[in-house]
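Accompanying notes for the structure given below.
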Amino acid sequence: MSAAQGKFRLAIVGTGGIAEYHLANIRKMDDVEVVGLCDIERSRAEAKAKEHGGRAYTDAAQMLDAEKPSGVLVCTPPFARLAPIQAACDRGIPFFCEKPPAASVEDARKVEAVVAKAGVVHTVGFMYRHLELVDRARDLMKGRTLLAVRSTFLNGPLFSPTFPAWFKLEEKSGGPLLDQAIHALDLIRYLCGDVKRVFALGANRATTRGPDVTITDTQNVVLELASGVGVTHNHTWASEPARVHIELLFREGHLLLDLREYRLTGKLNKGEYDEKPGDDCYVTEIRRFVQAARSGDGAALRSTYADGVKSLAVVLAANRSIASGKPETL
Ligand SMILES: NC(=O)c1ccc[n+]([C@@H]2O[C@H](COP(=O)([O-])OP(=O)(O)OC[C@H]3O[C@@H](n4cnc5c(N)ncnc54)[C@H](O)[C@@H]3O)[C@@H](O)[C@H]2O)c1
């Protein structure tokens, strides 16, 4: 930070679980100060303001007018994206939007139009794209023949007493695919290209459906990429310990991206790989957002809103396939 630049004035809309995670990282950034925290639950915004500084608000537009932040993190649930992003865009304020970009493609298109018109620096929080091991995998993939992709995402939030209730409602969270598989499927798009066709199965293997649980807890997804490469993705919210693996299978060997351990292993021809770069993608994504918002240059940001909508379309097609029992073409 140059003395002339001053501190980056950050505001946050939606002060729940992920906001707290970002705030813990932001606390360690000397050049960033939190100036405003907004939540429809005033007590939550006030508690965070007390802990992290800044003033508490219940209305995003009012906060942006009063605090004039240098950038804003939108950490609301996916069904509450348009109003805060519109408020940021109307004022020319750069924004970071947590994933997924919205709850439906229809809502996402409305946001996309607002963002395109405003032309502000922005990004979507697909943090895995920022990992050094992902850059390394992209380099190692060059010139090789990809045969197939195997992806596994296992974890057990359904059994955590602090898991917010709205995640268990399909109509609110979109379930494990919209909320979480989108991270893995977005990274597969980033590494391997766009998706043409989707087929998915969903089951309640560890939960009982009812008014409080309208999601399936376990899903199996098959994707056909535009290149013709096939992808299988197994997902569950009902398994511990957690595991997040993407395995790239080549004519020349294989690479495994372990997205829990942040480790890349594999064998390609005579080369053997076992690398753990040690970077934290949650820190990097915020750092790059702050730098981009300061400079007005979004080149280092890895995910535009419009590109995020493509990943959204994939997981929503998978959810439709679970409901219909049929493949969905994108
Ligand atoms: N990148 C990641 O690893 C990661 C991890 C967890 C959550 N997320 C994403 O972050 C988003 C939030 O998830 P969470 O776990 O923090 O949920 P949460 O329920 O803990 O927090 C959401 C907060 O937003 C507030 N809110 C709702 N509507 C609002 C509105 N219109 N204006 C202001 N505040 C509003 C709620 O009161 C709540 O405090 C989701 O989209 C989720 O998928 C991302």
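To be explicit about the labels: the chains of the structure tokens are called A, B, and onward in the order shown, and within each one the residues are counted from 1, while ligands get numbers from 1 in the order they are shown.
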Need the shell around A:Val74: protein/DNA/RNA residues with any atom at most 10 Å away, counting only C-alpha atoms. Skip same-chain ones fewer than 3 positions apart. Format as an mmCIF file with C-alpha atoms, in the first residue's frame?
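As a result, selection.cif now contains:
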data_model
loop_
_atom_site.group_PDB
_atom_site.id
_atom_site.type_symbol
_atom_site.label_atom_id
_atom_site.label_comp_id
_atom_site.auth_asym_id
_atom_site.auth_seq_id
_atom_site.Cartn_x
_atom_site.Cartn_y
_atom_site.Cartn_z
ATOM 1 C CA ALA A 11 -18.175 -3.260 3.138
ATOM 2 C CA ILE A 12 -19.970 -6.596 3.495
ATOM 3 C CA VAL A 13 -23.608 -7.497 2.799
ATOM 4 C CA GLY A 14 -24.751 -10.682 4.557
ATOM 5 C CA THR A 15 -22.802 -11.277 7.770
ATOM 6 C CA ALA A 19 -18.604 -13.483 5.884
ATOM 7 C CA CYS A 38 -25.116 -5.075 6.537
ATOM 8 C CA ALA A 60 -27.248 -2.295 1.575
ATOM 9 C CA GLY A 71 -15.435 -2.467 -2.633
ATOM 10 C CA PRO A 77 -27.776 -16.438 0.295
ATOM 11 C CA PRO A 78 -28.042 -16.986 -3.494
ATOM 12 C CA ALA A 80 -30.701 -12.444 -2.351
ATOM 13 C CA ARG A 81 -28.105 -11.318 -4.903
ATOM 14 C CA LEU A 82 -29.840 -8.808 -7.192
ATOM 15 C CA PRO A 84 -27.041 -5.692 -3.212
ATOM 16 C CA ILE A 85 -25.295 -6.115 -6.589
ATOM 17 C CA ALA A 88 -23.120 -1.597 -5.892
ATOM 18 C CA PHE A 95 -18.108 -6.145 -5.878
ATOM 19 C CA PHE A 96 -17.157 -9.699 -4.974
ATOM 20 C CA CYS A 97 -20.151 -12.036 -5.088
ATOM 21 C CA GLU A 98 -20.080 -15.321 -3.200
ATOM 22 C CA LYS A 99 -20.966 -18.382 -5.233
ATOM 23 C CA VAL A 124 -17.555 -14.488 -8.177
ATOM 24 C CA GLY A 125 -16.072 -16.408 -5.242
#
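Inside stretch 198-293 of chain A, the residues DSSP reads as alpha helix (DSSP H) when given the backbone are Cys281, Tyr282, Val283, Thr284, Glu285, Ile286, Arg287, Arg288, Phe289, Val290, Gln291, Ala292 and Ala293 of chain A.
Proximity to A:Leu257 at 9 Å, evaluated using only C-alpha atoms and with sequence-adjacent residues fewer than 4 positions away removed, yields Leu133, Val134, Ala137, Val244, His245, Ile246, Glu247, Leu248, Glu261, Tyr262, Arg263, Leu264, Thr265 and Gly266 of chain A.
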Mind dumping the selected residues with N, CA and C atoms as a compact mmCIF listing (two decimals), in the first residue's frame?
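Saved result, result_9.txt, follows:
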# COMPACT_ATOMS: atom_id res chain seq x y z
N LEU A 133 -1.88 -24.72 -7.32
CA LEU A 133 -1.83 -26.07 -7.90
C LEU A 133 -2.74 -26.17 -9.12
N VAL A 134 -3.72 -25.29 -9.21
CA VAL A 134 -4.58 -25.27 -10.40
C VAL A 134 -3.81 -24.68 -11.58
N ALA A 137 -1.55 -27.44 -12.65
CA ALA A 137 -2.28 -28.48 -13.40
C ALA A 137 -2.54 -28.00 -14.83
N VAL A 244 -12.31 -33.85 -1.14
CA VAL A 244 -12.63 -33.12 -2.38
C VAL A 244 -11.50 -33.39 -3.37
N HIS A 245 -11.79 -34.26 -4.33
CA HIS A 245 -10.77 -34.69 -5.28
C HIS A 245 -11.25 -34.47 -6.71
N ILE A 246 -10.38 -33.96 -7.56
CA ILE A 246 -10.64 -33.98 -9.00
C ILE A 246 -9.47 -34.71 -9.64
N GLU A 247 -9.78 -35.77 -10.37
CA GLU A 247 -8.72 -36.56 -10.99
C GLU A 247 -8.85 -36.46 -12.50
N LEU A 248 -7.75 -36.07 -13.14
CA LEU A 248 -7.72 -35.90 -14.60
C LEU A 248 -7.00 -37.11 -15.17
N GLU A 261 -6.55 -30.96 0.91
CA GLU A 261 -5.14 -30.88 1.33
C GLU A 261 -4.37 -29.86 0.50
N TYR A 262 -5.02 -29.33 -0.56
CA TYR A 262 -4.35 -28.41 -1.49
C TYR A 262 -3.04 -29.02 -1.99
N ARG A 263 -3.17 -30.21 -2.57
CA ARG A 263 -1.99 -30.98 -2.99
C ARG A 263 -2.24 -31.56 -4.37
N LEU A 264 -1.20 -31.54 -5.18
CA LEU A 264 -1.28 -32.09 -6.55
C LEU A 264 -0.36 -33.30 -6.63
N THR A 265 -0.91 -34.44 -7.01
CA THR A 265 -0.09 -35.63 -7.19
C THR A 265 -0.37 -36.23 -8.55
N GLY A 266 0.50 -37.10 -9.01
CA GLY A 266 0.21 -37.80 -10.27
C GLY A 266 1.45 -38.27 -10.99
### Message
What's around stretch 152-157 of chain A at 6 Å? Count only C-alpha atoms, leave out sequence neighbours fewer than 6 positions away in its own chain, and write the answer as an MDAnalysis selection string.
### Response
chainID A and resid 233:240 242:245
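All residues of stretch 129-167 of chain A that DSSP, run on the backbone, classes as strand (DSSP E or B) are A:Leu146, A:Leu147, A:Ala148, A:Val149, A:Arg150, A:Ser151, A:Thr152, A:Phe153, A:Leu154.
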Could you save the residues just selected, with N, CA and C atoms, as a CSV table (one decimal), in the first residue's frame?
chain,number,residue,atom,x,y,z
A,146,LEU,N,-6.7,-35.5,-22.8
A,146,LEU,CA,-7.5,-35.8,-21.7
A,146,LEU,C,-8.6,-36.8,-22.1
A,147,LEU,N,-8.7,-37.9,-21.3
A,147,LEU,CA,-9.6,-39.0,-21.6
A,147,LEU,C,-10.9,-38.8,-20.8
A,148,ALA,N,-10.8,-38.5,-19.5
A,148,ALA,CA,-12.0,-38.5,-18.6
A,148,ALA,C,-11.6,-37.7,-17.4
A,149,VAL,N,-12.6,-37.3,-16.6
A,149,VAL,CA,-12.4,-36.7,-15.3
A,149,VAL,C,-13.3,-37.4,-14.3
A,150,ARG,N,-12.6,-37.6,-13.1
A,150,ARG,CA,-13.3,-38.2,-12.0
A,150,ARG,C,-13.3,-37.3,-10.8
A,151,SER,N,-14.5,-37.0,-10.3
A,151,SER,CA,-14.5,-35.9,-9.2
A,151,SER,C,-15.4,-36.5,-8.0
A,152,THR,N,-14.9,-36.2,-6.8
A,152,THR,CA,-15.6,-36.6,-5.6
A,152,THR,C,-15.6,-35.5,-4.6
A,153,PHE,N,-16.8,-35.2,-4.0
A,153,PHE,CA,-16.9,-34.2,-3.0
A,153,PHE,C,-17.7,-34.8,-1.9
A,154,LEU,N,-17.0,-35.1,-0.8
A,154,LEU,CA,-17.7,-35.8,0.3
A,154,LEU,C,-17.6,-34.8,1.5
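Comparing the minimum interatomic distances between ligand 1 and each of A:Val32, A:Leu178, A:Ala66, A:Leu131, counting only C-alpha atoms and all ligand atoms, we find that A:Leu178 sits nearest.
Reported to one decimal place, the separation of atom CA of A:Thr214 from atom CA of A:Pro327 is 21.7 Å.
Distance check against A:Val213 using only C-alpha atoms: of A:Thr232, A:Thr284, A:Leu158, A:Leu225, the minimum falls on A:Leu158.
For the set A:Ile215, A:Ala61, A:Leu10, A:Leu316, the residue with the smallest atom-to-atom gap to A:Phe167 is A:Ile215, counting only C-alpha atoms.
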